[in-house]
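Data from query_23.txt: compact mmCIF, C-alpha atoms
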# COMPACT_ATOMS: atom_id res chain seq x y z
CA MET A 1 -7.13 4.38 -25.01
CA ASN A 2 -4.07 3.30 -23.03
CA TYR A 3 -4.70 1.44 -19.77
CA TYR A 4 -1.91 1.01 -17.21
CA PHE A 5 -2.76 -1.96 -14.95
CA LEU A 6 -1.35 -1.82 -11.42
CA PRO A 7 -1.92 -4.42 -8.68
CA GLY A 8 -2.84 -1.94 -5.93
CA THR A 9 -2.17 1.42 -4.35
CA GLY A 10 0.00 0.46 -1.37
CA ILE A 11 3.33 1.98 -0.42
CA HIS A 12 5.59 0.33 -2.98
CA GLY A 13 8.04 1.97 -5.34
CA GLY A 14 6.57 0.15 -8.34
CA ILE A 15 3.16 1.70 -7.73
CA LYS A 16 4.64 5.20 -7.71
CA VAL A 17 6.77 4.53 -10.79
CA GLY A 18 3.72 3.26 -12.67
CA PHE A 19 1.59 6.27 -11.78
CA GLN A 20 4.38 8.72 -12.59
CA PHE A 21 4.98 7.08 -15.95
CA ALA A 22 1.27 7.10 -16.83
CA GLN A 23 0.98 10.73 -15.78
CA MET A 24 3.92 11.80 -17.96
CA LEU A 25 2.42 10.00 -20.96
CA ALA A 26 -0.89 11.76 -20.32
CA GLU A 27 0.87 15.13 -20.07
CA HIS A 28 2.38 14.42 -23.48
CA GLY A 29 -1.12 13.94 -24.90
CA ALA A 30 -1.55 10.16 -24.82
CA PRO A 31 -5.08 9.03 -23.83
CA MET A 32 -4.27 7.38 -20.51
CA VAL A 33 -6.00 5.85 -17.51
CA VAL A 34 -4.54 3.87 -14.60
CA VAL A 35 -6.34 0.70 -13.56
CA THR A 36 -6.35 -0.32 -9.89
CA PRO A 37 -8.37 -3.15 -8.32
CA ASP A 38 -11.03 -0.85 -6.83
CA GLY A 39 -10.57 2.26 -8.94
CA ARG A 40 -9.02 4.25 -6.11
CA ALA A 41 -5.87 6.36 -6.36
CA PRO A 42 -3.03 6.08 -3.84
CA HIS A 43 -3.14 8.33 -0.78
CA TRP A 44 0.60 8.50 -0.05
CA PHE A 45 1.74 10.54 -3.06
CA ASP A 46 0.11 12.93 -5.50
CA ALA A 47 -1.32 11.17 -8.56
CA ALA A 48 -2.77 13.45 -11.24
CA VAL A 49 -4.02 10.89 -13.75
CA ALA A 50 -7.44 9.30 -14.26
CA VAL A 51 -8.08 6.03 -12.37
CA ILE A 52 -10.73 3.35 -12.94
CA SER A 53 -11.41 -0.06 -11.45
CA ARG A 54 -10.17 -3.30 -12.94
CA PRO A 55 -13.69 -4.65 -13.66
CA ALA A 56 -14.62 -1.41 -15.44
CA ALA A 57 -11.46 -1.50 -17.51
CA LEU A 58 -11.88 -5.13 -18.53
CA ALA A 59 -15.44 -4.40 -19.64
CA ALA A 60 -14.35 -1.41 -21.73
CA ILE A 61 -11.13 -2.60 -23.38
CA ARG A 62 -11.22 -3.12 -27.15
CA PRO A 63 -8.64 -4.78 -29.45
CA SER A 64 -7.56 -1.33 -30.66
CA ASP A 65 -6.61 -0.29 -27.12
CA VAL A 66 -3.23 -0.73 -25.43
CA ILE A 67 -2.58 -2.21 -21.99
CA LEU A 68 0.59 -1.38 -20.09
CA PHE A 69 1.49 -3.56 -17.13
CA SER A 70 4.42 -4.33 -14.84
CA LEU A 71 3.27 -7.30 -12.73
CA PRO A 72 3.96 -10.59 -14.54
CA HIS A 73 0.97 -12.23 -12.83
CA ASP A 74 -1.32 -9.96 -14.90
CA TYR A 75 0.00 -11.22 -18.23
CA ALA A 76 -2.45 -14.09 -18.85
CA GLU A 77 -5.58 -12.04 -18.19
CA ILE A 78 -4.29 -9.06 -20.15
CA ARG A 79 -3.38 -11.26 -23.11
CA SER A 80 -6.91 -12.68 -23.14
CA THR A 81 -8.39 -9.22 -23.82
CA GLY A 82 -6.96 -9.15 -27.34
CA ALA A 83 -5.61 -5.63 -26.80
CA ARG A 84 -2.07 -4.65 -27.67
CA MET A 85 0.35 -5.06 -24.78
CA ILE A 86 3.31 -3.13 -23.37
CA PHE A 87 5.38 -4.57 -20.54
CA HIS A 88 6.92 -1.87 -18.32
CA CYS A 89 9.69 -3.87 -16.64
CA GLN A 90 10.20 -3.04 -12.97
CA GLY A 91 12.05 -6.18 -11.97
CA THR A 92 13.82 -9.11 -13.60
CA ASP A 93 12.17 -12.00 -11.79
CA PRO A 94 12.30 -15.04 -14.13
CA LEU A 95 8.50 -14.94 -14.07
CA ILE A 96 8.78 -12.30 -16.78
CA ASP A 97 10.54 -14.66 -19.21
CA PRO A 98 7.33 -15.86 -20.95
CA ILE A 99 6.37 -12.21 -21.45
CA LEU A 100 9.75 -11.45 -23.00
CA ALA A 101 9.32 -14.40 -25.35
CA ASP A 102 5.97 -13.07 -26.62
CA ARG A 103 6.82 -10.93 -29.64
CA ASP A 104 3.38 -9.33 -29.52
CA VAL A 105 4.40 -7.53 -26.31
CA ALA A 106 6.33 -4.26 -26.62
CA LEU A 107 9.06 -3.99 -23.98
CA LEU A 108 10.05 -0.98 -21.87
CA SER A 109 13.11 -0.89 -19.60
CA CYS A 110 13.76 1.52 -16.73
CA TRP A 111 17.43 0.87 -15.92
CA GLU A 112 20.57 -0.79 -17.27
CA GLN A 113 20.34 -4.18 -15.56
CA ALA A 114 16.74 -4.67 -16.67
CA ASP A 115 17.63 -3.55 -20.19
CA SER A 116 20.43 -6.12 -20.43
CA TYR A 117 18.28 -8.91 -19.00
CA MET A 118 15.45 -8.19 -21.43
CA ARG A 119 17.76 -8.04 -24.43
CA GLU A 120 19.32 -11.38 -23.51
CA ARG A 121 16.03 -13.19 -22.86
CA SER A 122 13.95 -11.66 -25.66
CA GLY A 123 16.52 -11.24 -28.44
CA ARG A 124 15.30 -7.71 -29.12
CA PRO A 125 16.07 -4.27 -27.70
CA PRO A 126 13.54 -2.81 -25.26
CA ILE A 127 12.61 0.85 -25.32
CA ALA A 128 14.68 2.50 -22.59
CA VAL A 129 12.20 4.87 -20.94
CA GLY A 130 14.23 5.50 -17.78
CA ILE A 131 13.11 6.15 -14.24
CA ALA A 132 12.87 9.25 -12.07
CA ILE A 133 12.71 10.43 -8.47
CA SER A 134 10.19 12.99 -7.26
CA ASP A 135 11.39 16.56 -6.82
CA CYS A 136 10.58 16.57 -3.09
CA PHE A 137 13.64 14.38 -2.48
CA ILE A 138 16.13 16.85 -3.96
CA TYR A 139 18.16 18.21 -1.05
CA ASP A 140 17.09 21.74 -0.18
CA GLY A 141 20.00 22.63 2.08
CA ARG A 142 18.24 22.23 5.43
CA PRO A 143 20.54 21.35 8.37
CA LYS A 144 21.31 17.67 8.74
CA ILE A 145 21.15 15.85 12.08
CA ALA A 146 24.72 14.57 12.16
CA ASP A 147 24.02 11.33 14.02
CA GLN A 148 20.69 10.43 12.41
CA LEU A 149 20.34 7.42 10.12
CA ALA A 150 17.14 6.68 8.23
CA TYR A 151 16.14 3.20 7.06
CA MET A 152 13.07 1.30 5.91
CA PRO A 153 12.34 -1.76 8.06
CA ARG A 154 10.03 -3.55 5.61
CA ARG A 155 12.88 -5.68 4.24
CA GLY A 156 16.08 -6.57 6.07
CA VAL A 157 15.07 -5.38 9.53
CA GLU A 158 17.49 -7.88 11.08
CA ILE A 159 20.35 -6.20 9.18
CA ALA A 160 19.32 -2.81 10.55
CA ASP A 161 19.04 -4.24 14.08
CA ALA A 162 22.58 -5.65 13.89
CA ALA A 163 23.88 -2.33 12.55
CA ARG A 164 22.21 -0.47 15.41
CA LEU A 165 24.03 -2.64 17.94
CA ALA A 166 27.35 -1.99 16.17
CA CYS A 167 26.75 1.78 16.03
CA PRO A 168 25.48 3.01 19.42
CA GLY A 169 26.49 6.56 18.50
CA LEU A 170 23.94 6.74 15.66
CA ARG A 171 20.23 7.35 16.07
CA PHE A 172 18.23 5.03 13.80
CA VAL A 173 14.94 6.42 12.45
CA ALA A 174 12.59 3.92 10.82
CA ILE A 175 10.54 5.14 7.86
CA ALA A 176 7.42 2.99 7.71
CA GLY A 177 3.90 3.70 6.50
CA ALA A 178 4.93 7.25 5.61
CA SER A 179 3.74 9.40 2.72
CA GLU A 180 6.19 10.45 0.03
CA VAL A 181 6.47 13.94 1.54
CA GLU A 182 7.06 12.52 5.03
CA THR A 183 9.68 10.12 3.69
CA ALA A 184 11.46 12.91 1.87
CA ALA A 185 11.48 15.06 5.03
CA ALA A 186 13.04 12.24 7.08
CA MET A 187 15.73 11.72 4.46
CA GLN A 188 16.38 15.45 4.11
CA GLN A 189 17.27 15.76 7.79
CA SER A 190 19.20 12.47 8.09
CA ALA A 191 22.94 12.27 7.55
CA TYR A 192 22.87 8.60 6.59
CA PHE A 193 20.55 6.13 4.89
CA LEU A 194 20.83 2.36 5.31
CA ALA A 195 19.45 0.20 2.48
CA THR A 196 18.85 -3.34 3.72
CA SER A 197 16.90 -5.10 0.93
CA VAL A 198 19.36 -7.75 -0.30
CA GLY A 199 19.15 -8.41 -4.05
CA GLU A 200 16.71 -5.54 -4.65
CA TRP A 201 15.85 -5.10 -8.35
CA LEU A 202 16.40 -1.36 -8.21
CA GLY A 203 16.25 0.15 -4.74
CA LEU A 204 14.39 3.41 -5.38
CA PRO A 205 14.64 4.56 -1.70
CA ALA A 206 18.44 4.47 -1.86
CA LEU A 207 18.38 6.67 -4.96
CA GLU A 208 15.94 9.03 -3.27
CA ALA A 209 18.17 9.17 -0.19
CA MET A 210 21.20 10.01 -2.33
CA ALA A 211 19.25 12.90 -3.85
CA ALA A 212 18.27 14.02 -0.34
CA GLY A 213 21.92 14.40 0.67
CA CYS A 214 22.29 11.22 2.70
CA VAL A 215 25.44 9.14 2.77
CA VAL A 216 24.06 5.79 1.65
CA VAL A 217 25.27 2.43 2.92
CA SER A 218 23.67 -0.45 1.04
CA VAL A 219 23.72 -4.20 0.79
CA PRO A 220 24.46 -5.47 -2.75
CA VAL A 221 21.49 -5.14 -5.12
CA LEU A 222 20.73 -6.15 -8.71
CA GLY A 223 19.46 -3.17 -10.65
CA GLY A 224 20.72 -0.27 -8.57
CA MET A 225 24.43 -0.83 -9.06
CA GLU A 226 24.43 1.70 -11.90
CA PHE A 227 24.11 4.45 -9.28
CA LEU A 228 25.30 2.62 -6.13
CA ARG A 229 29.00 2.75 -6.95
CA ASP A 230 30.97 1.41 -4.01
CA GLY A 231 33.34 3.97 -2.52
CA GLU A 232 32.23 6.62 -4.99
CA THR A 233 28.51 7.37 -4.52
CA ALA A 234 27.77 4.96 -1.65
CA LEU A 235 29.26 2.14 0.37
CA VAL A 236 28.05 -1.25 -0.87
CA VAL A 237 28.75 -3.85 1.79
CA PRO A 238 27.66 -7.48 2.37
CA ALA A 239 24.97 -7.74 5.02
CA ASP A 240 27.26 -9.35 7.59
CA ARG A 241 29.72 -6.45 7.36
CA ILE A 242 27.26 -3.54 7.40
CA GLY A 243 27.65 -2.73 11.09
CA GLY A 244 31.44 -2.46 10.99
CA ALA A 245 31.46 -0.46 7.76
CA LEU A 246 28.87 1.96 9.11
CA ALA A 247 30.74 2.38 12.40
CA ASP A 248 33.94 3.22 10.52
CA LEU A 249 32.11 5.64 8.22
CA ALA A 250 30.69 7.54 11.21
CA GLN A 251 34.12 8.19 12.74
CA PRO A 252 35.45 11.80 12.73
CA ASN A 253 38.42 10.79 10.57
CA ALA A 254 36.02 9.64 7.82
CA ALA A 255 34.59 13.13 7.28
CA SER A 256 36.29 13.59 3.90
CA LEU A 257 35.03 10.21 2.69
CA ARG A 258 31.48 11.08 3.75
CA SER A 259 31.70 14.43 1.98
CA ARG A 260 33.04 12.87 -1.23
CA ILE A 261 30.36 10.18 -1.29
CA ARG A 262 27.61 12.71 -0.61
CA ASP A 263 28.79 15.07 -3.34
CA ASN A 264 29.22 12.30 -5.93
CA ALA A 265 25.81 10.89 -5.07
CA ALA A 266 24.12 14.26 -5.46
CA ALA A 267 25.76 14.69 -8.87
CA ILE A 268 24.66 11.32 -10.23
CA THR A 269 21.07 11.70 -9.08
CA HIS A 270 20.60 14.67 -11.42
CA GLN A 271 20.36 12.06 -14.19
CA TYR A 272 17.14 10.82 -12.56
CA ARG A 273 15.17 14.06 -12.30
CA LEU A 274 11.55 14.01 -13.42
CA ASN A 275 12.14 16.72 -16.01
CA LYS A 276 14.88 14.63 -17.64
CA GLN A 277 12.62 11.61 -17.96
CA PHE A 278 9.84 13.86 -19.24
CA ARG A 279 12.10 15.11 -22.03
CA ARG A 280 13.27 11.59 -22.82
CA LEU A 281 9.69 10.45 -23.23
CA LYS A 282 8.94 13.36 -25.54
CA THR A 283 11.69 12.13 -27.86
CA LEU A 284 10.60 8.50 -27.65
CA LEU A 285 6.98 9.39 -28.34
CA GLY A 286 8.10 10.70 -31.71
CA ASP A 287 9.55 7.27 -32.45
CA THR A 288 9.20 3.73 -31.05
CA LEU A 289 7.18 4.48 -27.92
CA GLY A 290 4.69 6.59 -29.85
CA GLU A 291 4.20 3.75 -32.31
CA ALA A 292 3.43 1.30 -29.47
CA LEU A 293 0.74 3.45 -27.82
CA SER A 294 -2.85 4.17 -28.78
CA TRP A 295 -3.69 7.77 -29.72
CA THR A 296 -7.47 7.38 -29.86

Please render this file's structure as structure tokens.
Amino acid sequence: MNYYFLPGTGIHGGIKVGFQFAQMLAEHGAPMVVVTPDGRAPHWFDAAVAVISRPAALAAIRPSDVILFSLPHDYAEIRSTGARMIFHCQGTDPLIDPILADRDVALLSCWEQADSYMRERSGRPPIAVGIAISDCFIYDGRPKIADQLAYMPRRGVEIADAARLACPGLRFVAIAGASEVETAAAMQQSAYFLATSVGEWLGLPALEAMAAGCVVVSVPVLGGMEFLRDGETALVVPADRIGGALADLAQPNAASLRSRIRDNAAAITHQYRLNKQFRRLKTLLGDTLGEALSWT
């Protein structure tokens, strides 16, 4: 059996990525169960994979089983089970360095920056499994509200507040505590998306907003720069210059720039469709990833 340990079910991109990954492995025939603290599934997106509680999993795990995990804080307890281990990297916090140094742990990377970091710190190539955005974010052609900007206030709310003062002609819509479908709907009708989490390891909401047809303005991030290409697929601006850059972008004479950014963003997000990751995993399961998993 393969157990994917997750720290909870709250509204965090890493929770959704973990569930999606486990579900795709299960759809490819791998015996798979997700482990959450209380055995409950998330309520804010559809999760079609078996879920059990952490105590139940720890009581059932055998040395022949495989544990996948993404939170570095879980490493010590998982290692003590004697099961084989797979680290699904969702962020390059230095806390993961002891995991990378453990050659008994198979390594999975989701994006280029994480892949490079893991290669450098571990001295071995991780398995590049990729990452995907849910289909509900793909722009369906509905009319955009020309002056509406969506943002997520959980991180960087002060940046959004400063941008609001600099852009009185834009209507800021906060996405907080929303389900995946509700988030997608807000992005689908918004003309802009403001990403305010400085130094984010990936920035999944910005990628989702690009797919939803938003013109994205983002602070610099770590992992997401492979798709947040300044002046091409987004505007990437230091936090203290966000307001001015956004005000300029919203001017009538910037219409061609907005159109170019939106079109380029839509094109690049096709690389992150669920069906593409599904096909990638099918190939990997016939090779290195299949060898790392349990099939009993």

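One finds CA of Val17 (chain A) at 17.3 Å from CA of Lys282 (chain A).
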
Restricting the calculation to all atoms listed in the file, which member of A:Ile86, A:Val129, A:Val34, A:Leu228 is positioned closest to Arg279 (chain A)?
-> A:Val129

Return the single residue from A:Asn275, A:Ser134, A:Ser116, A:Ser80 that is closest to Ala211 (chain A), with distances computed using all atoms listed in the file.
-> A:Ser134

Provide the CA of Gln90 (chain A) to CA of Gly13 (chain A) distance in Å, to one decimal place.
-> 9.4 Å

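Among the candidate residues A:Leu246, A:Ile67, A:Ile131, A:Ala185, the one lying nearest to Met24 (chain A) is A:Ile131, with distances computed using only C-alpha atoms.
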
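Rounded to one decimal, CA of Gly286 (chain A) and CA of Gln113 (chain A) lie 25.1 Å from each other.
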
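With only the atoms specified (only C-alpha atoms) counting, those residues at most 9 Å away from (-3.0, 6.6, -6.2) are Gly8, Thr9, Gly10, Ile15, Lys16, Phe19, Val34, Thr36, Arg40, Ala41, Pro42, His43, Trp44, Phe45, Asp46, Ala47, Ala48, Val49 and Val51 of chain A.
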
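When the distance limit is 9 Å and only C-alpha atoms are what count, the residues near Asp104 (chain A), minus those fewer than 2 positions from it on the same chain, are Arg84, Met85, Ile86, Ala101, Asp102 and Ala106 of chain A.
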
N, CA, C and O atoms modelled onto region 47-73 of chain A, as an mmCIF file, in the frame of the given file:
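Result written to rebuild_5.cif:
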data_model
loop_
_atom_site.group_PDB
_atom_site.id
_atom_site.type_symbol
_atom_site.label_atom_id
_atom_site.label_comp_id
_atom_site.auth_asym_id
_atom_site.auth_seq_id
_atom_site.Cartn_x
_atom_site.Cartn_y
_atom_site.Cartn_z
ATOM 1 N N ALA A 47 -1.131 11.856 -7.277
ATOM 2 C CA ALA A 47 -1.320 11.170 -8.560
ATOM 3 C C ALA A 47 -2.343 11.948 -9.374
ATOM 4 O O ALA A 47 -3.526 11.960 -9.040
ATOM 5 N N ALA A 48 -1.884 12.611 -10.427
ATOM 6 C CA ALA A 48 -2.770 13.450 -11.240
ATOM 7 C C ALA A 48 -3.040 12.773 -12.584
ATOM 8 O O ALA A 48 -2.695 13.289 -13.647
ATOM 9 N N VAL A 49 -3.652 11.609 -12.531
ATOM 10 C CA VAL A 49 -4.020 10.890 -13.750
ATOM 11 C C VAL A 49 -5.321 10.147 -13.441
ATOM 12 O O VAL A 49 -5.579 9.758 -12.290
ATOM 13 N N ALA A 50 -6.150 9.961 -14.457
ATOM 14 C CA ALA A 50 -7.440 9.300 -14.260
ATOM 15 C C ALA A 50 -7.250 7.855 -13.802
ATOM 16 O O ALA A 50 -6.312 7.166 -14.226
ATOM 17 N N VAL A 51 -8.143 7.391 -12.927
ATOM 18 C CA VAL A 51 -8.080 6.030 -12.370
ATOM 19 C C VAL A 51 -9.448 5.391 -12.487
ATOM 20 O O VAL A 51 -10.469 6.021 -12.190
ATOM 21 N N ILE A 52 -9.491 4.121 -12.930
ATOM 22 C CA ILE A 52 -10.730 3.350 -12.940
ATOM 23 C C ILE A 52 -10.474 1.977 -12.346
ATOM 24 O O ILE A 52 -9.312 1.568 -12.158
ATOM 25 N N SER A 53 -11.543 1.260 -12.062
ATOM 26 C CA SER A 53 -11.410 -0.060 -11.450
ATOM 27 C C SER A 53 -11.071 -1.118 -12.503
ATOM 28 O O SER A 53 -11.338 -0.944 -13.708
ATOM 29 N N ARG A 54 -10.525 -2.201 -12.039
ATOM 30 C CA ARG A 54 -10.170 -3.300 -12.940
ATOM 31 C C ARG A 54 -11.399 -3.873 -13.649
ATOM 32 O O ARG A 54 -11.365 -4.078 -14.867
ATOM 33 N N PRO A 55 -12.510 -4.143 -12.932
ATOM 34 C CA PRO A 55 -13.690 -4.650 -13.660
ATOM 35 C C PRO A 55 -14.184 -3.687 -14.734
ATOM 36 O O PRO A 55 -14.557 -4.126 -15.836
ATOM 37 N N ALA A 56 -14.165 -2.386 -14.442
ATOM 38 C CA ALA A 56 -14.620 -1.410 -15.440
ATOM 39 C C ALA A 56 -13.701 -1.391 -16.646
ATOM 40 O O ALA A 56 -14.159 -1.293 -17.796
ATOM 41 N N ALA A 57 -12.418 -1.509 -16.403
ATOM 42 C CA ALA A 57 -11.460 -1.500 -17.510
ATOM 43 C C ALA A 57 -11.635 -2.738 -18.385
ATOM 44 O O ALA A 57 -11.680 -2.644 -19.620
ATOM 45 N N LEU A 58 -11.748 -3.894 -17.767
ATOM 46 C CA LEU A 58 -11.880 -5.130 -18.530
ATOM 47 C C LEU A 58 -13.155 -5.146 -19.368
ATOM 48 O O LEU A 58 -13.198 -5.732 -20.451
ATOM 49 N N ALA A 59 -14.187 -4.470 -18.874
ATOM 50 C CA ALA A 59 -15.440 -4.400 -19.640
ATOM 51 C C ALA A 59 -15.333 -3.439 -20.812
ATOM 52 O O ALA A 59 -16.063 -3.577 -21.801
ATOM 53 N N ALA A 60 -14.430 -2.457 -20.712
ATOM 54 C CA ALA A 60 -14.350 -1.410 -21.730
ATOM 55 C C ALA A 60 -13.280 -1.646 -22.788
ATOM 56 O O ALA A 60 -13.368 -1.096 -23.892
ATOM 57 N N ILE A 61 -12.288 -2.463 -22.485
ATOM 58 C CA ILE A 61 -11.130 -2.600 -23.380
ATOM 59 C C ILE A 61 -11.528 -3.230 -24.713
ATOM 60 O O ILE A 61 -12.264 -4.221 -24.771
ATOM 61 N N ARG A 62 -11.002 -2.635 -25.791
ATOM 62 C CA ARG A 62 -11.220 -3.120 -27.150
ATOM 63 C C ARG A 62 -9.883 -3.558 -27.756
ATOM 64 O O ARG A 62 -8.814 -3.149 -27.273
ATOM 65 N N PRO A 63 -9.898 -4.345 -28.833
ATOM 66 C CA PRO A 63 -8.640 -4.780 -29.450
ATOM 67 C C PRO A 63 -7.765 -3.624 -29.932
ATOM 68 O O PRO A 63 -6.540 -3.784 -30.033
ATOM 69 N N SER A 64 -8.352 -2.472 -30.189
ATOM 70 C CA SER A 64 -7.560 -1.330 -30.660
ATOM 71 C C SER A 64 -6.869 -0.587 -29.513
ATOM 72 O O SER A 64 -6.049 0.307 -29.753
ATOM 73 N N ASP A 65 -7.206 -0.945 -28.276
ATOM 74 C CA ASP A 65 -6.610 -0.290 -27.120
ATOM 75 C C ASP A 65 -5.245 -0.908 -26.788
ATOM 76 O O ASP A 65 -4.852 -1.948 -27.338
ATOM 77 N N VAL A 66 -4.552 -0.268 -25.868
ATOM 78 C CA VAL A 66 -3.230 -0.730 -25.430
ATOM 79 C C VAL A 66 -3.248 -0.882 -23.917
ATOM 80 O O VAL A 66 -3.762 -0.010 -23.201
ATOM 81 N N ILE A 67 -2.702 -1.985 -23.440
ATOM 82 C CA ILE A 67 -2.580 -2.210 -21.990
ATOM 83 C C ILE A 67 -1.106 -2.219 -21.612
ATOM 84 O O ILE A 67 -0.312 -2.996 -22.155
ATOM 85 N N LEU A 68 -0.744 -1.354 -20.688
ATOM 86 C CA LEU A 68 0.590 -1.380 -20.090
ATOM 87 C C LEU A 68 0.483 -2.095 -18.757
ATOM 88 O O LEU A 68 -0.514 -1.944 -18.026
ATOM 89 N N PHE A 69 1.511 -2.866 -18.406
ATOM 90 C CA PHE A 69 1.490 -3.560 -17.130
ATOM 91 C C PHE A 69 2.925 -3.827 -16.682
ATOM 92 O O PHE A 69 3.861 -3.815 -17.483
ATOM 93 N N SER A 70 3.095 -4.051 -15.379
ATOM 94 C CA SER A 70 4.420 -4.330 -14.840
ATOM 95 C C SER A 70 4.462 -5.598 -13.993
ATOM 96 O O SER A 70 5.551 -6.123 -13.723
ATOM 97 N N LEU A 71 3.317 -6.084 -13.554
ATOM 98 C CA LEU A 71 3.270 -7.300 -12.730
ATOM 99 C C LEU A 71 3.105 -8.519 -13.636
ATOM 100 O O LEU A 71 2.108 -8.622 -14.350
ATOM 101 N N PRO A 72 4.058 -9.449 -13.622
ATOM 102 C CA PRO A 72 3.960 -10.590 -14.540
ATOM 103 C C PRO A 72 2.707 -11.439 -14.319
ATOM 104 O O PRO A 72 2.217 -12.077 -15.261
ATOM 105 N N HIS A 73 2.163 -11.432 -13.106
ATOM 106 C CA HIS A 73 0.970 -12.230 -12.830
ATOM 107 C C HIS A 73 -0.242 -11.732 -13.628
ATOM 108 O O HIS A 73 -1.231 -12.459 -13.779
#
